[in-house]
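Enquirer: I am attaching a structure below and will ask some questions about it afterwards.
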Amino acid sequence: MTLLARGVFGAALLALGAGAASAQQLAPSPTLDAIRARGHLECGVHLGLPGFSFANDKGEWTGLDVDFCRAVAAAVLGDANKVRYTPTSVQQRWPVLQSGQVDLLSRNTTITYSRNATLGVNFQGINFYEGQTFIVRTASGAKKPTDLENASICVAAGSTEERTAADYFRERNIKVSIINFQKNDDAIAAYDAGRCDSYTAGVGALAGQRIKLKTPGEHTIMTELISNDPQGPVTRWGDERWQAVVRWVLNGMIAAEQLGVTSKNVEDMRANSKNAEIRRLLGADGNFGAMLGLPNEWMFNAIKQVGNYSESYERTVGKGSPLGLERGSNQLWTRGGLLFTPPFQ
Amino acid sequence: MTRYFYDKRVREIFWQVALLAGLAVTIVLVVRNASQNMVNAGMASGFDFLWRTSGIDVPFVLTSYTPESNILALLWVGVANTLVITFVAAIAATLLGFVIGVARLSPNKLLSGLAGAYIEFVRNIPLLFFVLFWYFGVIAALPGPRQSIGLFAVAFLNNRGLTIPIPTDGTAFRIAAVVVLAGFLAQAAIAVWAKRRRDATGAIFPVWATGLALFLGVPAVAFGVAAVVSAWDVPALRGFNFRGGFVLVPEFVALFAALATYTAGFIAEIVRGGIQSVVKGQWEAAYALGLRPNRALNLVVIPQAMRVMIPPLTSQYLNVLKNSSFGAAIAFPELVSVFVGSALTNTGQAIEIIAITLAIYLALGLAVSAFMNWYNARTRLVTR
């Protein structure tokens with residue numbers, strides 16, 4: 001046996017041994033491996049919805065959904081900027097995810113039963129509690145959805161809003177005309193041009209779209225909601241470890257708010273906090289990151305670079321943003337909202 | 001054995017069979033591979049979704065579809081709307097194209113210059129621009145429902161469309177339509193009879209005079225009577241908009257106008273080419289036989305020009321059919337808009353829906369081609 005052959009044999013044995021050892025600890029995650037190999041996260045976002053995912057004039061993506069992509073990139077790769085965004089329309093979002101073009105869809109998309117059951121996708125929690133309503137010209141005098149008798153309503157084709165609105169008015173025997181556009185932007189443009197009396201979407205999306213209108217001040221968003229549209233990040237079926245990573249980054253951002261960890265105090269907390277859950281979350285104790293095959297400072301990086309849920313919310317859609325939305329249902333459960341996270345144990 | 005090997009016909013058949021078998025194997029492999037991958041990815045497959053309730057409200061429906069109907073009915077709405085817009089746009093484009101094509105050949109410099117400018121303008125601008133221009137142009141130009149332009153207080157034009165009264169019971173109109181159809185058939189019979197008599201005796205029967213009566217007079221009387229005896233559903237302003245009647249939506253108007261004006265530019269060139277292909281000697285020969293100019297055009301020049309024009313016209317009609325899918329850009333509920341847009345994203349059955357849509361466009365396209373080929377064969381030069 002030559003030296004070279006022995007070397008190759010030895011290397012092969014080592015590789016086999018290492019492979020067997022790691023296989024005992026963690027199930028393989030093709031998605032995580034692919035992200036590490038290419039060096040960035042592929043994230044599917046909205047074509048352009050202020051507050052949720054919107055490219056500013058410098059081409060930088062911002063928004064609540066974009067922040068989530070950044071947090072995942074920070075947790076996996078240690079750098080929130082290592083994300084490539086794929087803007088998707090209502091129609092494109094599923095094929096883009098199903099075909100593996102993106103690792104993750106973070107895109108103002110309602111969680112529904114049939115999507116989960118038939119599209120080969122899984123929803124990894126809720127990052128925005130949304131309800132559908134209508135925007136109208138204030139001058140029209142319409143105050144609630146039932147005032148929309150005989151109105152023309154613009155909507156994005158294939159959205160949950162399209163069917164929810166049709167169901168809502170049919171049940172109440174109110175005749176309306178629903179005009180289905182291929183893109184949200186086309187629908188809002190037609191509403192702005194006077195083709196429709198109203199445009200329907202979630203409250204958050206309406207607040208974001210209103211900024212794009214010619215005279216935002218002349219339009220009112222109705223307060224009465226006709227549906228619950230919880231929204232959150234979406235992954236493909238299969239690769240459970242990757243799904244767990246996505247789910248727990250979201251939980252981690254909410255937990256950080258609950259535990260009082262912010263991007264400002266996260267370093268201090270990691271060094272000095274006595275709270276056991278904070279220490280596990282930030283990688284000061286235990287090997288919580290390594291359990292999922294991530295660096296141990298995964299959530300430390302995410303919180304340091306993106307912030308906790310509250311920081312992200314206020315900056316993108318909340319009081320610190322042009323949308324100015326209240327926290328409402330998106331408040332922690334301890335403060336009357338719906339946000340709740342399982343413990344880091 | 002070698003005899004067969006060198007036989008040209010046997011070899012041709014062998015390659016045809018081999019190609020067909022290869023194609024069949026490829027299709028089977030693609031379908032099996034796709035369905036296996038979909039099972040692995042947790043995606044539903046099959047055509048059961050067609051019987052699911054659609055739940056989608058469509059603003060322009062010519063069938064008995066309601067949101068409670070199934071997705072198959074929604075597909076039929078898309079097909080019907082595609083056929084209607086294609087049919088009316090193709091006819092309008094042909095008429096407009098003939099006028100512009102003839103104008104292009106006019107000795108009047110201004111007229112032919114305008115026609116030429118129009119043709120160049122249209123042929124160098126993308127169709128999507130036309131569609132959006134007409135759509136937002138139409139909407140922006142029209143007033144809101146409360147300031148509608150009323151036509152005799154029964155029809156109303158506003159930025160939600162043209163609302164016209166419809167009869168609550170269509171029976172009288174159906175009878176009128178049958179009467180009109182009978183008139184058309186009578187005209188066809190007269191034309192055949194007149195041609196035979198002319199061939200036999202040389203006497204010319206005024207076919208156009210009876211045609212005018214049967215094409216305009218009979219429909220006017222029949223529909224007039226039907227309109228008087230029917231009860232009408234007259235639109236009235238209620239809530240945000242007019243209630244009752246039939247609404248011709250601006251999406252329809254914009255797509256129709258865009259397809260007609262765009263395709264007319266191409267048809268005009270075909271008409272010009274067709275007429276120019278008839279040599280001048282044919283005109284001179286027709287005059288030498290004593291034919292008046294309009295008869296020379298109808299009996300000598302147009303029939304010869306048609307032979308050149310029909311094949312390229314066929315492809316223009318196919319273009320109108322395919323281009324009707326631009327309706328998806330402006331929410332006109334044609335096939336692509338309702339089926340690939342709404343139904344696909346609601347059910348997620350991308351492969352099935354795309355396959356059905358492709359099959360339908362293919363079938364419609366082949367039907368248009370078959371009709372035009374039949375017509376082409378009829379008008380072909382008969383050589384003896």
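Going by the structure tokens order, chains are called A, B, ..., each with residues numbered from 1, while ligands are numbered from 1 in the order shown.
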I want to know what sits within 9 Å of Met306 (chain B), based on only C-alpha atoms, with residues of the same chain fewer than 2 positions away left out; could you give that as a ChimeraX atom specification?

Expert: /B:271,274-275,301-304,308-310,376,379-380

Enquirer: Once you have the residues from the selection above, write them out as a tab-separated table (two decimals), in the first residue's frame, restricted to N, CA, C and O atoms.

Expert:
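See result_0.tsv below for the written result:
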chain	number	residue	atom	x	y	z
B	271	VAL	N	-53.75	43.39	-45.99
B	271	VAL	CA	-54.69	43.83	-47.02
B	271	VAL	C	-53.93	44.55	-48.14
B	271	VAL	O	-54.13	44.28	-49.33
B	274	GLY	N	-52.07	42.10	-50.14
B	274	GLY	CA	-52.97	41.27	-50.95
B	274	GLY	C	-53.43	42.01	-52.21
B	274	GLY	O	-53.38	41.47	-53.32
B	275	ILE	N	-53.84	43.28	-52.02
B	275	ILE	CA	-54.34	44.03	-53.17
B	275	ILE	C	-53.21	44.31	-54.15
B	275	ILE	O	-53.37	44.20	-55.37
B	301	VAL	N	-60.69	41.51	-58.49
B	301	VAL	CA	-59.51	41.81	-57.69
B	301	VAL	C	-59.58	41.17	-56.30
B	301	VAL	O	-58.66	40.45	-55.90
B	302	ILE	N	-60.68	41.43	-55.56
B	302	ILE	CA	-60.77	40.91	-54.19
B	302	ILE	C	-60.62	39.38	-54.14
B	302	ILE	O	-59.85	38.87	-53.33
B	303	PRO	N	-61.33	38.63	-55.02
B	303	PRO	CA	-61.16	37.18	-54.93
B	303	PRO	C	-59.70	36.75	-55.08
B	303	PRO	O	-59.26	35.81	-54.41
B	304	GLN	N	-58.97	37.43	-55.95
B	304	GLN	CA	-57.56	37.05	-56.13
B	304	GLN	C	-56.72	37.52	-54.95
B	304	GLN	O	-55.79	36.83	-54.52
B	308	VAL	N	-54.22	35.51	-51.35
B	308	VAL	CA	-52.94	35.87	-50.75
B	308	VAL	C	-53.13	36.22	-49.28
B	308	VAL	O	-52.28	35.98	-48.44
B	309	MET	N	-54.30	36.80	-48.96
B	309	MET	CA	-54.50	37.35	-47.61
B	309	MET	C	-54.87	36.30	-46.56
B	309	MET	O	-54.54	36.47	-45.39
B	310	ILE	N	-55.58	35.26	-46.97
B	310	ILE	CA	-56.13	34.36	-45.96
B	310	ILE	C	-55.08	33.68	-45.06
B	310	ILE	O	-55.22	33.71	-43.84
B	376	ASN	N	-59.87	28.78	-46.94
B	376	ASN	CA	-58.79	28.97	-47.90
B	376	ASN	C	-58.92	27.99	-49.06
B	376	ASN	O	-58.79	28.35	-50.23
B	379	THR	N	-61.60	29.08	-51.48
B	379	THR	CA	-61.36	30.26	-52.32
B	379	THR	C	-60.09	30.12	-53.16
B	379	THR	O	-59.70	31.05	-53.82
B	380	ARG	N	-59.45	28.94	-53.07
B	380	ARG	CA	-58.20	28.76	-53.80
B	380	ARG	C	-58.45	28.85	-55.31
B	380	ARG	O	-59.54	28.58	-55.79

Enquirer: Neighbouring residues of Val45 (chain A) were defined as those with any atom within 8 Å, considering only C-alpha atoms; residues of the same chain fewer than 2 positions away were excluded. Please report them as an NGL selection string.

Expert: :A and (43 or 47 or 53 or 65-66 or 85-88 or 105-107)

Enquirer: Give me every strand (DSSP E) residue in region 26-237 of chain B, going by DSSP on the backbone, as a VMD selection string.

Expert: chain B and resid 149 to 151 155 to 158 161 to 164 166 to 167 232 to 233 236 to 237

Enquirer: Any idea which chain B residues end up within 9 Å of chain A if we count only C-alpha atoms, as a VMD selection string please?

Expert: chain B and resid 38 to 45 54 to 59 67 136 139 to 140 143 to 144 159 to 161 238 to 243 250 328 to 333 337 to 338 340 to 350

Enquirer: Quick one: pull the distance between CA of Gln305 (chain A) and CA of Leu41 (chain A), Å, one decimal.

Expert: 15.5 Å

Enquirer: May I have all residues of region 102-330 of chain B that DSSP, computed from the backbone, assigns to alpha helix (DSSP H), given as a PyMOL selection string?

Expert: chain B and resi 102-104+109-123+127-141+171-201+207-212+218-229+250-277+280-288+293-296+302-323

Enquirer: Skip Ser112 (chain B) itself and residues of its chain fewer than 3 positions away, then list as a list in words all residues within 12 Å of it, counting only C-alpha atoms.

Expert: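 So, after excluding close chain neighbours, the residues are Val99, Ile100, Gly101, Val102, Ala103, Arg104, Leu105, Ser106, Pro107, Asn108, Lys109, Ala115, Gly116, Ala117, Tyr118, Ile119, Ala268 and Arg272 of chain B.
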
Enquirer: A:Ser312, A:Pro145, A:Asn127, A:Asp103: which is nearest Ser29 (chain A), counting only C-alpha atoms?

Expert: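 Smallest distance to Ser29 (chain A) is found for A:Asp103.
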
Enquirer: Could you name the residues that touch Thr200 (chain A) at 8 Å or less, counting only C-alpha atoms, but leaving out those on the same chain fewer than 3 positions away, as a list in words?

Expert: Gln132, Thr133, Phe134, Ile135, Ile153, Cys154, Val155, Glu161, Ala165 and Leu206 of chain A

Enquirer: Output N, CA, C and O atoms of each residue in that selection to a file, as a PDB file, in the first residue's frame.

Expert:
ATOM      1  N   GLN A 132     -59.096  41.064   7.775  1.00  0.00           N
ATOM      2  CA  GLN A 132     -59.427  41.702   6.504  1.00  0.00           C
ATOM      3  C   GLN A 132     -60.467  42.793   6.678  1.00  0.00           C
ATOM      4  O   GLN A 132     -61.424  42.655   7.423  1.00  0.00           O
ATOM      5  N   THR A 133     -60.256  43.902   5.970  1.00  0.00           N
ATOM      6  CA  THR A 133     -61.270  44.950   5.943  1.00  0.00           C
ATOM      7  C   THR A 133     -61.168  45.715   4.631  1.00  0.00           C
ATOM      8  O   THR A 133     -60.531  45.225   3.688  1.00  0.00           O
ATOM      9  N   PHE A 134     -61.771  46.872   4.562  1.00  0.00           N
ATOM     10  CA  PHE A 134     -61.899  47.601   3.302  1.00  0.00           C
ATOM     11  C   PHE A 134     -61.399  49.027   3.452  1.00  0.00           C
ATOM     12  O   PHE A 134     -61.519  49.623   4.509  1.00  0.00           O
ATOM     13  N   ILE A 135     -60.850  49.541   2.361  1.00  0.00           N
ATOM     14  CA  ILE A 135     -60.518  50.960   2.309  1.00  0.00           C
ATOM     15  C   ILE A 135     -61.484  51.614   1.334  1.00  0.00           C
ATOM     16  O   ILE A 135     -61.811  51.030   0.295  1.00  0.00           O
ATOM     17  N   ILE A 153     -65.376  46.303  -5.925  1.00  0.00           N
ATOM     18  CA  ILE A 153     -64.292  46.115  -4.968  1.00  0.00           C
ATOM     19  C   ILE A 153     -63.102  45.490  -5.683  1.00  0.00           C
ATOM     20  O   ILE A 153     -63.216  44.405  -6.256  1.00  0.00           O
ATOM     21  N   CYS A 154     -61.967  46.165  -5.657  1.00  0.00           N
ATOM     22  CA  CYS A 154     -60.753  45.635  -6.281  1.00  0.00           C
ATOM     23  C   CYS A 154     -60.043  44.716  -5.292  1.00  0.00           C
ATOM     24  O   CYS A 154     -59.977  44.997  -4.098  1.00  0.00           O
ATOM     25  N   VAL A 155     -59.482  43.619  -5.803  1.00  0.00           N
ATOM     26  CA  VAL A 155     -58.802  42.654  -4.942  1.00  0.00           C
ATOM     27  C   VAL A 155     -57.755  41.924  -5.770  1.00  0.00           C
ATOM     28  O   VAL A 155     -57.822  41.921  -7.004  1.00  0.00           O
ATOM     29  N   GLU A 161     -58.350  37.069   0.470  1.00  0.00           N
ATOM     30  CA  GLU A 161     -59.313  38.173   0.511  1.00  0.00           C
ATOM     31  C   GLU A 161     -60.371  38.033  -0.581  1.00  0.00           C
ATOM     32  O   GLU A 161     -61.522  38.395  -0.392  1.00  0.00           O
ATOM     33  N   ALA A 165     -64.153  37.929   0.840  1.00  0.00           N
ATOM     34  CA  ALA A 165     -65.075  39.019   0.517  1.00  0.00           C
ATOM     35  C   ALA A 165     -66.305  38.474  -0.206  1.00  0.00           C
ATOM     36  O   ALA A 165     -67.441  38.837   0.121  1.00  0.00           O
ATOM     37  N   LEU A 206     -53.454  47.202   4.120  1.00  0.00           N
ATOM     38  CA  LEU A 206     -54.143  48.428   3.687  1.00  0.00           C
ATOM     39  C   LEU A 206     -53.385  49.664   4.159  1.00  0.00           C
ATOM     40  O   LEU A 206     -53.227  50.620   3.407  1.00  0.00           O
TER      41      LEU A 206
END
